[in-house]
$ cat model13.cif   # mmCIF, C-alpha atoms
data_coords
#
loop_
_atom_site.label_atom_id
_atom_site.label_comp_id
_atom_site.auth_asym_id
_atom_site.auth_seq_id
_atom_site.Cartn_x
_atom_site.Cartn_y
_atom_site.Cartn_z
CA MET V 1000 0.00 0.00 0.00
CA ASN V 1001 1.35 3.42 -0.98
CA LYS V 1002 1.95 5.75 1.94
CA PRO V 1003 0.56 9.30 1.81
CA ILE V 1004 3.00 12.19 1.89
CA SER V 1005 3.53 13.96 5.21
CA ARG V 1006 1.62 17.20 4.79
CA LEU V 1007 0.83 20.33 6.80
CA ASP V 1008 -1.82 22.99 6.12
CA LEU V 1009 -2.20 26.50 7.49
CA GLN V 1010 -5.28 28.49 6.46
CA SER V 1011 -6.51 31.80 7.79
CA SER V 1012 -10.06 30.83 6.79
CA LYS V 1013 -9.96 28.00 9.36
CA LEU V 1014 -7.79 29.43 12.15
CA GLY V 1015 -8.79 33.05 11.86
CA ARG V 1016 -6.53 35.88 10.70
CA GLN V 1017 -4.78 36.63 13.98
CA ALA V 1018 -4.19 32.99 14.95
CA ALA V 1019 -2.95 32.12 11.44
CA LEU V 1020 -0.47 35.00 11.48
CA ALA V 1021 0.77 34.08 14.97
CA THR V 1022 1.18 30.44 13.93
CA TRP V 1023 3.04 31.40 10.77
CA LYS V 1024 5.46 33.57 12.73
CA ALA V 1025 6.03 30.84 15.33
CA ALA V 1026 6.76 28.26 12.61
CA LEU V 1027 9.34 30.54 10.97
CA PRO V 1028 11.34 32.04 13.87
CA GLN V 1029 14.32 32.59 11.56
CA TYR V 1030 12.36 35.35 9.81
CA GLU V 1031 10.76 38.62 10.78
CA ILE V 1032 7.29 38.59 9.22
CA SER V 1033 5.11 41.68 8.93
CA LEU V 1034 2.01 42.52 6.93
CA GLY V 1035 1.87 44.77 3.92
CA THR V 1036 -1.76 45.48 4.73
CA ASP V 1037 -4.11 45.74 7.72
CA LEU V 1038 -4.84 42.58 9.69
CA ASP V 1039 -8.47 42.79 8.52
CA ASP V 1040 -7.24 42.34 4.94
CA PHE V 1041 -4.76 39.54 5.74
CA TRP V 1042 -5.30 36.06 4.32
CA MET V 1043 -3.16 33.00 3.72
CA ASP V 1044 -3.47 29.41 2.52
CA LEU V 1045 -0.28 27.33 2.83
CA SER V 1046 0.51 23.64 2.38
CA ALA V 1047 3.88 21.96 2.99
CA TRP V 1048 5.07 18.44 2.14
CA LEU V 1049 8.10 16.56 3.52
CA LEU V 1050 9.82 14.83 0.60
CA ARG V 1051 12.70 13.29 2.59
CA LYS V 1052 15.53 15.44 1.20
CA VAL V 1053 13.57 18.66 0.87
CA VAL V 1054 10.49 20.48 2.13
CA PHE V 1055 8.15 21.76 -0.59
CA THR V 1056 5.68 24.56 0.17
CA HIS V 1057 2.86 25.96 -1.95
CA GLY V 1058 1.14 29.08 -0.68
CA GLN V 1059 -1.04 32.05 -1.37
CA THR V 1060 -0.85 35.14 0.83
CA SER V 1061 -1.86 38.78 0.96
CA PRO V 1062 0.95 41.41 0.77
CA THR V 1063 3.70 40.45 3.23
CA ARG V 1064 7.20 41.54 4.21
CA LEU V 1065 9.79 38.85 5.03
CA GLU V 1066 13.19 39.59 6.55
CA ARG V 1067 16.17 37.46 7.55
CA HIS V 1068 18.03 39.59 10.09
CA ALA V 1069 21.82 39.47 10.40
CA ASP V 1070 21.50 39.01 14.17
CA ARG V 1071 19.58 35.74 13.68
CA LEU V 1072 22.18 34.03 11.46
CA SER V 1073 23.57 31.97 14.36
CA ASP V 1074 20.29 30.04 14.76
CA GLY V 1075 21.44 27.09 12.64
CA TYR V 1076 19.04 27.68 9.72
CA ASP V 1077 21.26 27.10 6.70
CA ASN V 1078 19.09 25.88 3.83
CA PHE V 1079 19.02 27.18 0.31
CA ILE V 1080 15.54 28.36 -0.68
CA PHE V 1081 14.24 28.27 -4.25
CA VAL V 1082 11.17 30.53 -4.56
CA HIS V 1083 8.95 30.62 -7.65
CA PHE V 1084 6.30 33.33 -7.91
CA MET V 1085 3.41 32.04 -10.01
CA LYS V 1086 1.45 35.21 -9.33
CA GLY V 1087 2.61 38.48 -7.84
CA ARG V 1088 5.91 40.33 -7.42
CA TRP V 1089 8.64 40.44 -4.79
CA GLN V 1090 11.15 43.26 -4.31
CA GLY V 1091 13.92 43.47 -1.75
CA GLU V 1092 17.63 43.19 -1.00
CA ALA V 1093 19.98 40.26 -0.45
CA ASP V 1094 23.26 41.20 1.25
CA GLY V 1095 22.44 44.81 0.42
CA LYS V 1096 21.99 44.15 -3.30
CA PRO V 1097 18.50 44.81 -4.76
CA PHE V 1098 16.46 42.08 -6.40
CA THR V 1099 13.10 41.97 -8.16
CA LEU V 1100 11.23 38.71 -8.64
CA ASN V 1101 8.49 38.97 -11.24
CA GLU V 1102 5.65 36.62 -12.00
CA GLY V 1103 6.95 33.36 -13.51
CA GLU V 1104 10.52 33.71 -12.19
CA VAL V 1105 12.61 31.77 -9.63
CA ILE V 1106 14.99 33.30 -7.09
CA LEU V 1107 17.62 31.43 -5.07
CA LEU V 1108 18.32 32.59 -1.50
CA ASP V 1109 20.93 31.44 1.00
CA GLY V 1110 19.34 31.05 4.43
CA SER V 1111 22.67 31.69 6.15
CA ARG V 1112 22.77 35.26 4.80
CA PRO V 1113 20.54 38.30 5.46
CA PHE V 1114 17.80 39.47 3.09
CA HIS V 1115 14.44 41.19 3.09
CA GLY V 1116 11.62 41.59 0.63
CA LEU V 1117 8.09 42.94 0.27
CA ALA V 1118 5.69 40.81 -1.78
CA THR V 1119 2.39 41.77 -3.34
CA ALA V 1120 -0.56 39.41 -2.98
CA SER V 1121 0.97 36.28 -4.41
CA SER V 1122 0.87 32.59 -5.21
CA TYR V 1123 4.20 30.82 -4.94
CA ALA V 1124 6.08 27.53 -4.63
CA MET V 1125 9.07 27.29 -2.31
CA VAL V 1126 11.60 24.49 -1.81
CA ASN V 1127 13.86 24.34 1.26
CA VAL V 1128 17.03 22.46 0.25
CA PRO V 1129 19.64 21.61 2.92
CA ARG V 1130 23.06 22.94 1.97
CA ALA V 1131 24.64 19.49 1.97
CA VAL V 1132 22.12 18.19 -0.57
CA LEU V 1133 22.82 20.96 -3.09
CA ILE V 1134 26.58 20.77 -2.55
CA GLU V 1135 26.50 17.03 -3.22
CA LEU V 1136 24.86 17.68 -6.59
CA ALA V 1137 26.77 20.86 -7.45
CA PRO V 1138 30.10 20.91 -5.52
CA SER V 1139 31.41 24.13 -7.09
CA LEU V 1140 28.70 26.43 -5.79
CA PRO V 1141 29.03 30.07 -6.88
CA LEU V 1142 27.72 32.90 -4.72
CA LEU V 1143 24.00 32.28 -5.14
CA HIS V 1144 22.28 34.57 -2.67
CA GLY V 1145 19.61 36.72 -4.30
CA ARG V 1146 20.13 35.38 -7.81
CA VAL V 1147 17.11 35.34 -10.10
CA LEU V 1148 17.49 32.39 -12.47
CA HIS V 1149 17.33 34.15 -15.84
CA SER V 1150 18.22 31.20 -18.05
CA ALA V 1151 16.57 28.44 -20.07
CA SER V 1152 17.06 26.03 -17.17
CA GLY V 1153 15.58 28.63 -14.82
CA TRP V 1154 12.41 28.93 -16.92
CA LEU V 1155 12.18 25.14 -17.05
CA LEU V 1156 12.51 24.94 -13.25
CA ALA V 1157 9.77 27.57 -12.86
CA ASP V 1158 7.37 25.51 -15.00
CA HIS V 1159 8.32 22.37 -13.10
CA LEU V 1160 7.67 23.90 -9.66
CA ALA V 1161 4.31 25.24 -10.78
CA ALA V 1162 3.34 21.80 -12.08
CA LEU V 1163 4.60 20.11 -8.92
CA SER V 1164 2.43 22.36 -6.74
CA ARG V 1165 -0.61 21.15 -8.66
CA ALA V 1166 0.37 17.48 -8.77
CA LEU V 1167 1.73 16.86 -5.25
CA PRO V 1168 -1.71 16.56 -3.59
CA LEU V 1169 -2.40 13.62 -5.91
CA MET V 1170 0.86 11.74 -5.33
CA HIS V 1171 1.83 9.00 -2.91
CA GLN V 1172 5.10 9.13 -1.01
CA GLY V 1173 7.23 7.01 -3.33
CA GLU V 1174 6.17 8.91 -6.43
CA ALA V 1175 6.63 12.26 -4.72
CA GLU V 1176 10.15 11.41 -3.53
CA ARG V 1177 11.13 10.34 -7.05
CA MET V 1178 9.82 13.65 -8.35
CA ALA V 1179 11.74 15.46 -5.60
CA ASN V 1180 14.96 13.82 -6.84
CA ALA V 1181 14.13 14.98 -10.37
CA THR V 1182 13.53 18.48 -8.99
CA LEU V 1183 16.94 18.47 -7.29
CA THR V 1184 18.61 17.41 -10.54
CA LEU V 1185 16.96 20.31 -12.33
CA MET V 1186 18.01 22.69 -9.56
CA ALA V 1187 21.60 21.45 -9.85
CA ALA V 1188 21.46 22.15 -13.61
CA CYS V 1189 20.39 25.74 -12.87
CA VAL V 1190 23.23 26.15 -10.36
CA GLY V 1191 25.67 24.62 -12.85
CA ASN V 1192 24.60 27.23 -15.39
CA LEU V 1193 25.42 29.98 -12.89
CA THR V 1194 28.81 28.36 -12.19
CA ASP V 1195 29.66 28.18 -15.89
CA ARG V 1196 28.65 31.81 -16.35
CA ALA V 1197 30.78 32.92 -13.37
CA GLN V 1198 33.79 31.01 -14.67
CA GLY V 1199 33.33 32.47 -18.13
CA ASP V 1200 33.29 35.96 -16.66
CA MET V 1201 36.59 35.42 -14.84
CA GLY V 1202 38.72 34.62 -17.89
CA SER V 1203 41.51 32.02 -18.05
CA LEU V 1204 43.81 33.26 -15.27
CA ILE V 1205 41.37 33.01 -12.36
CA PRO V 1206 40.34 29.34 -12.92
CA ALA V 1207 44.04 28.39 -13.07
CA VAL V 1208 44.75 30.22 -9.81
CA ARG V 1209 41.73 28.65 -8.17
CA LEU V 1210 42.86 25.15 -9.17
CA ARG V 1211 46.31 25.74 -7.63
CA VAL V 1212 44.75 27.03 -4.42
CA GLU V 1213 42.22 24.20 -4.20
CA ARG V 1214 45.00 21.59 -4.48
CA HIS V 1215 47.05 23.38 -1.82
CA VAL V 1216 44.04 23.59 0.50
CA GLU V 1217 43.35 19.87 0.14
CA ARG V 1218 46.96 19.00 0.98
CA ASN V 1219 47.00 21.29 4.02
CA LEU V 1220 43.43 21.01 5.26
CA THR V 1221 44.50 20.01 8.78
CA SER V 1222 47.10 22.76 9.16
CA PRO V 1223 46.18 25.52 11.64
CA ASP V 1224 48.30 27.88 9.51
CA LEU V 1225 46.05 27.55 6.46
CA THR V 1226 44.97 31.18 6.05
CA PRO V 1227 44.59 33.67 3.19
CA GLN V 1228 47.88 35.25 4.23
CA THR V 1229 49.85 31.99 4.10
CA LEU V 1230 48.23 31.04 0.79
CA CYS V 1231 49.38 34.31 -0.77
CA ARG V 1232 52.86 33.77 0.65
CA ASP V 1233 53.28 30.08 -0.18
CA LEU V 1234 51.78 30.24 -3.68
CA GLN V 1235 53.07 33.73 -4.57
CA ILE V 1236 49.57 34.96 -5.42
CA PRO V 1237 48.53 38.61 -5.00
CA ARG V 1238 45.86 39.06 -2.35
CA SER V 1239 43.46 40.71 -4.82
CA THR V 1240 43.80 37.79 -7.26
CA LEU V 1241 43.16 35.24 -4.50
CA TYR V 1242 40.01 36.99 -3.34
CA ARG V 1243 38.76 37.42 -6.90
CA ALA V 1244 39.27 33.72 -7.60
CA PHE V 1245 37.09 32.74 -4.64
CA SER V 1246 34.54 35.57 -4.64
CA ALA V 1247 31.90 33.18 -6.04
CA PHE V 1248 32.32 31.04 -2.89
CA GLY V 1249 31.89 33.95 -0.48
CA GLY V 1250 35.67 34.42 -0.12
CA ILE V 1251 38.70 32.22 0.44
CA SER V 1252 38.12 31.90 4.21
CA ALA V 1253 34.57 30.66 3.58
CA TYR V 1254 35.93 28.15 1.05
CA ILE V 1255 38.52 26.78 3.51
CA GLN V 1256 35.90 26.40 6.23
CA SER V 1257 33.52 24.71 3.79
CA ARG V 1258 36.14 22.11 2.83
CA ARG V 1259 37.01 21.49 6.49
CA LEU V 1260 33.36 20.95 7.35
CA ASP V 1261 33.01 18.53 4.43
CA ALA V 1262 36.03 16.64 5.76
CA ALA V 1263 34.54 16.61 9.27
CA ARG V 1264 31.30 15.16 7.95
CA ALA V 1265 33.22 12.38 6.16
CA ILE V 1266 35.04 11.51 9.42
CA LEU V 1267 31.78 11.43 11.39
CA PHE V 1268 30.25 9.03 8.88
CA HIS V 1269 33.30 6.72 8.72
CA PRO V 1270 32.33 3.47 10.47
CA GLU V 1271 35.83 2.85 11.88
CA ASP V 1272 36.79 6.39 12.88
CA ARG V 1273 35.64 6.97 16.48
CA ARG V 1274 37.44 10.24 17.19
CA SER V 1275 35.45 12.55 19.42
CA VAL V 1276 33.97 15.81 18.17
CA GLU V 1277 36.67 17.65 20.13
CA GLU V 1278 39.42 15.60 18.45
CA ILE V 1279 37.94 16.18 14.98
CA SER V 1280 37.74 19.89 15.73
CA ARG V 1281 41.43 20.07 16.66
CA HIS V 1282 42.45 17.84 13.74
CA LEU V 1283 40.82 20.17 11.21
CA GLY V 1284 42.16 23.41 12.63
CA PHE V 1285 39.02 24.84 14.23
CA GLY V 1286 39.54 27.15 17.18
CA ASN V 1287 37.52 25.03 19.60
CA ALA V 1288 34.81 22.37 19.66
CA THR V 1289 32.05 24.91 20.33
CA SER V 1290 32.81 27.04 17.27
CA PHE V 1291 33.20 23.87 15.20
CA ALA V 1292 29.81 22.53 16.31
CA ARG V 1293 28.15 25.88 15.63
CA SER V 1294 29.67 26.10 12.13
CA PHE V 1295 28.74 22.48 11.41
CA GLN V 1296 25.12 23.06 12.40
CA ARG V 1297 24.87 26.22 10.31
CA ARG V 1298 26.23 24.33 7.30
CA PHE V 1299 24.35 21.03 7.61
CA GLY V 1300 21.34 21.76 9.82
CA CYS V 1301 22.30 19.38 12.64
CA THR V 1302 25.06 19.04 15.26
CA PRO V 1303 28.12 16.82 14.67
CA ARG V 1304 26.81 14.33 17.26
CA GLU V 1305 23.39 14.19 15.58
CA ALA V 1306 25.07 13.62 12.22
CA ARG V 1307 27.14 10.73 13.60
CA ARG V 1308 24.14 9.18 15.35
CA ASN V 1309 21.88 9.43 12.28
CA GLY V 1310 24.57 8.68 9.69
CA SER V 1311 23.18 11.60 7.72
CA THR V 1312 22.81 15.36 7.65
CA PHE V 1313 20.25 16.24 5.01
CA VAL V 1314 17.57 13.84 6.28
CA ALA V 1315 17.81 15.29 9.77
CA SER V 1316 17.75 18.84 8.44
CA SER V 1317 14.57 18.40 6.39
CA GLN V 1318 12.85 16.40 9.10
CA VAL V 1319 13.79 18.89 11.82
CA LEU V 1320 12.35 21.76 9.82
CA PHE V 1321 9.14 19.89 9.05
CA GLU V 1322 8.72 18.52 12.58
CA ARG V 1323 9.15 22.01 14.02
CA TRP V 1324 6.32 23.19 11.80
CA GLN V 1325 4.22 20.23 12.93
CA SER V 1326 4.71 21.03 16.61
CA VAL V 1327 3.80 24.69 16.11
CA LEU V 1328 0.65 23.82 14.19
CA ARG V 1329 -0.41 21.33 16.86
CA ALA V 1330 0.14 23.89 19.59
CA ASN V 1331 -1.99 26.45 17.77
CA ALA V 1332 -4.70 24.13 16.48
#

$ encode --input "model13.cif" --output "structure tokens"
Amino acid sequence: MNKPISRLDLQSSKLGRQAALATWKAALPQYEISLGTDLDDFWMDLSAWLLRKVVFTHGQTSPTRLERHADRLSDGYDNFIFVHFMKGRWQGEADGKPFTLNEGEVILLDGSRPFHGLATASSYAMVNVPRAVLIELAPSLPLLHGRVLHSASGWLLADHLAALSRALPLMHQGEAERMANATLTLMAACVGNLTDRAQGDMGSLIPAVRLRVERHVERNLTSPDLTPQTLCRDLQIPRSTLYRAFSAFGGISAYIQSRRLDAARAILFHPEDRRSVEEISRHLGFGNATSFARSFQRRFGCTPREARRNGSTFVASSQVLFERWQSVLRANA
């Protein structure tokens, strides 16, 4: 017998406007949510499905402002969010850079970075993708925050998400999870297009520099002296060239930390490596176990100990997000 998909619903017509707004805010503590209209004119109708690796949401809301504050970035929420507006318009800033999302377009946001936006009355599809899932499919991630996917693959993804929002209520779990895998493949193709474009913009010198640096980083990943300064010194690379080569990754320091966290995850999953979290932290050059655990949770959505216990990161991340929503809805039912 085919299992139904785990689903949540939040409707102002059933809960009432004030209760629905309070529930929505409680379910999304990582955001500051405010209305673009009076409470008397507020309405919403949201449904969310847990598809193992990702959480898919389809919603319709009155004008709303959504903000990811810089002072909340330490809360562990570190998913990428693909948002497709089927109706309406969204304007805002991501890391201080303006964006406009028009009807029929898809934007990609990094949950570990600040942004804000004001949407008109809208209908949209949103997919929360744990960072580890997207990195596994597209290892060379460029700087994606606030990028509207203006490409053939982006238009194809927009059509796909719109169709998925219509079809998901009719699917059983197995079928839905297969479609979720297809969705991730399409998302990775969109990200790959951005990567190719970024590399094309940098010319021939920058990719060659980046390759040299990447090889050096891999050989010296456990060294506490692996810093931008020592890279410039050891590889005789100007500081400006080094930073330009890794600007698509959020900077060279962010790249080094990303590779160390990937290495830490591999150690935690190794069946014969029983080093403690503290030992792994020291081995990979983190300042202390606390900062390592905090960085790991921001990257993968779970603590190092949870990752070792579950043998996974992305499953825990999606489930934690969905289960938090479940508990809030139950408390406000």

$ resolve_selection --input "model13.cif" --expression "the PyMOL selection byres ((chain V and resi 1290) around 12)" --output "PyMOL selection string"
chain V and resi 1073+1256+1260+1276-1277+1280-1281+1284-1289+1291-1297+1302-1303

$ write_last_selection --input "model13.cif" --atoms "C-alpha atoms" --output "PDB file, keeping the file's coordinate frame"
ATOM      1  CA  SER V1073      23.570  31.970  14.360  1.00  0.00           C
ATOM      2  CA  GLN V1256      35.900  26.400   6.230  1.00  0.00           C
ATOM      3  CA  LEU V1260      33.360  20.950   7.350  1.00  0.00           C
ATOM      4  CA  VAL V1276      33.970  15.810  18.170  1.00  0.00           C
ATOM      5  CA  GLU V1277      36.670  17.650  20.130  1.00  0.00           C
ATOM      6  CA  SER V1280      37.740  19.890  15.730  1.00  0.00           C
ATOM      7  CA  ARG V1281      41.430  20.070  16.660  1.00  0.00           C
ATOM      8  CA  GLY V1284      42.160  23.410  12.630  1.00  0.00           C
ATOM      9  CA  PHE V1285      39.020  24.840  14.230  1.00  0.00           C
ATOM     10  CA  GLY V1286      39.540  27.150  17.180  1.00  0.00           C
ATOM     11  CA  ASN V1287      37.520  25.030  19.600  1.00  0.00           C
ATOM     12  CA  ALA V1288      34.810  22.370  19.660  1.00  0.00           C
ATOM     13  CA  THR V1289      32.050  24.910  20.330  1.00  0.00           C
ATOM     14  CA  PHE V1291      33.200  23.870  15.200  1.00  0.00           C
ATOM     15  CA  ALA V1292      29.810  22.530  16.310  1.00  0.00           C
ATOM     16  CA  ARG V1293      28.150  25.880  15.630  1.00  0.00           C
ATOM     17  CA  SER V1294      29.670  26.100  12.130  1.00  0.00           C
ATOM     18  CA  PHE V1295      28.740  22.480  11.410  1.00  0.00           C
ATOM     19  CA  GLN V1296      25.120  23.060  12.400  1.00  0.00           C
ATOM     20  CA  ARG V1297      24.870  26.220  10.310  1.00  0.00           C
ATOM     21  CA  THR V1302      25.060  19.040  15.260  1.00  0.00           C
ATOM     22  CA  PRO V1303      28.120  16.820  14.670  1.00  0.00           C
TER      23      PRO V1303
END

$ closest_residue --input "model13.cif" --among "V:Glu1102, V:Glu1322, V:Asp1272, V:Glu1176" --to "Lys1002 of chain V" --atoms "all atoms listed in the file"
V:Glu1176

$ axis_aligned_box --input "model13.cif" --around "segment 1128-1138 of chain V" --padding-each-side "4 Å" --output "JSON"
{"center_x": 23.6, "center_y": 20.0, "center_z": -2.3, "size_x": 21.1, "size_y": 13.9, "size_z": 18.4}

$ resolve_selection --input "model13.cif" --expression "the PyMOL selection byres ((chain V and resi 1082-1089) around 6)" --output "count of residues only"
19

$ atom_distance --input "model13.cif" --atom1 "atom CA of Glu1271 of chain V" --atom2 "atom CA of Arg1304 of chain V"
15.6 Å

$ atom_distance --input "model13.cif" --atom1 "atom CA of Thr1221 of chain V" --atom2 "atom CA of Ser1275 of chain V"
15.8 Å

$ resolve_selection --input "model13.cif" --expression "the PyMOL selection byres ((chain V and resi 1020) around 10)" --output "ChimeraX atom specification"
/V:1009-1011,1014-1019,1021-1026,1032-1034,1038,1041-1043

$ write_last_selection --input "model13.cif" --atoms "C-alpha atoms" --output "PDB file, in the coordinates of the input"
ATOM      1  CA  LEU V1009      -2.200  26.500   7.490  1.00  0.00           C
ATOM      2  CA  GLN V1010      -5.280  28.490   6.460  1.00  0.00           C
ATOM      3  CA  SER V1011      -6.510  31.800   7.790  1.00  0.00           C
ATOM      4  CA  LEU V1014      -7.790  29.430  12.150  1.00  0.00           C
ATOM      5  CA  GLY V1015      -8.790  33.050  11.860  1.00  0.00           C
ATOM      6  CA  ARG V1016      -6.530  35.880  10.700  1.00  0.00           C
ATOM      7  CA  GLN V1017      -4.780  36.630  13.980  1.00  0.00           C
ATOM      8  CA  ALA V1018      -4.190  32.990  14.950  1.00  0.00           C
ATOM      9  CA  ALA V1019      -2.950  32.120  11.440  1.00  0.00           C
ATOM     10  CA  ALA V1021       0.770  34.080  14.970  1.00  0.00           C
ATOM     11  CA  THR V1022       1.180  30.440  13.930  1.00  0.00           C
ATOM     12  CA  TRP V1023       3.040  31.400  10.770  1.00  0.00           C
ATOM     13  CA  LYS V1024       5.460  33.570  12.730  1.00  0.00           C
ATOM     14  CA  ALA V1025       6.030  30.840  15.330  1.00  0.00           C
ATOM     15  CA  ALA V1026       6.760  28.260  12.610  1.00  0.00           C
ATOM     16  CA  ILE V1032       7.290  38.590   9.220  1.00  0.00           C
ATOM     17  CA  SER V1033       5.110  41.680   8.930  1.00  0.00           C
ATOM     18  CA  LEU V1034       2.010  42.520   6.930  1.00  0.00           C
ATOM     19  CA  LEU V1038      -4.840  42.580   9.690  1.00  0.00           C
ATOM     20  CA  PHE V1041      -4.760  39.540   5.740  1.00  0.00           C
ATOM     21  CA  TRP V1042      -5.300  36.060   4.320  1.00  0.00           C
ATOM     22  CA  MET V1043      -3.160  33.000   3.720  1.00  0.00           C
TER      23      MET V1043
END

$ residues_around --input "model13.cif" --residues "Leu1267 of chain V" --least-positions-apart "3" --cutoff "8 Å" --atoms "all atoms listed in the file" --output "ChimeraX atom specification"
/V:1263-1264,1272-1273,1303,1306-1307,1310

$ atom_distance --input "model13.cif" --atom1 "atom CA of Leu1155 of chain V" --atom2 "atom CA of Arg1298 of chain V"
28.1 Å
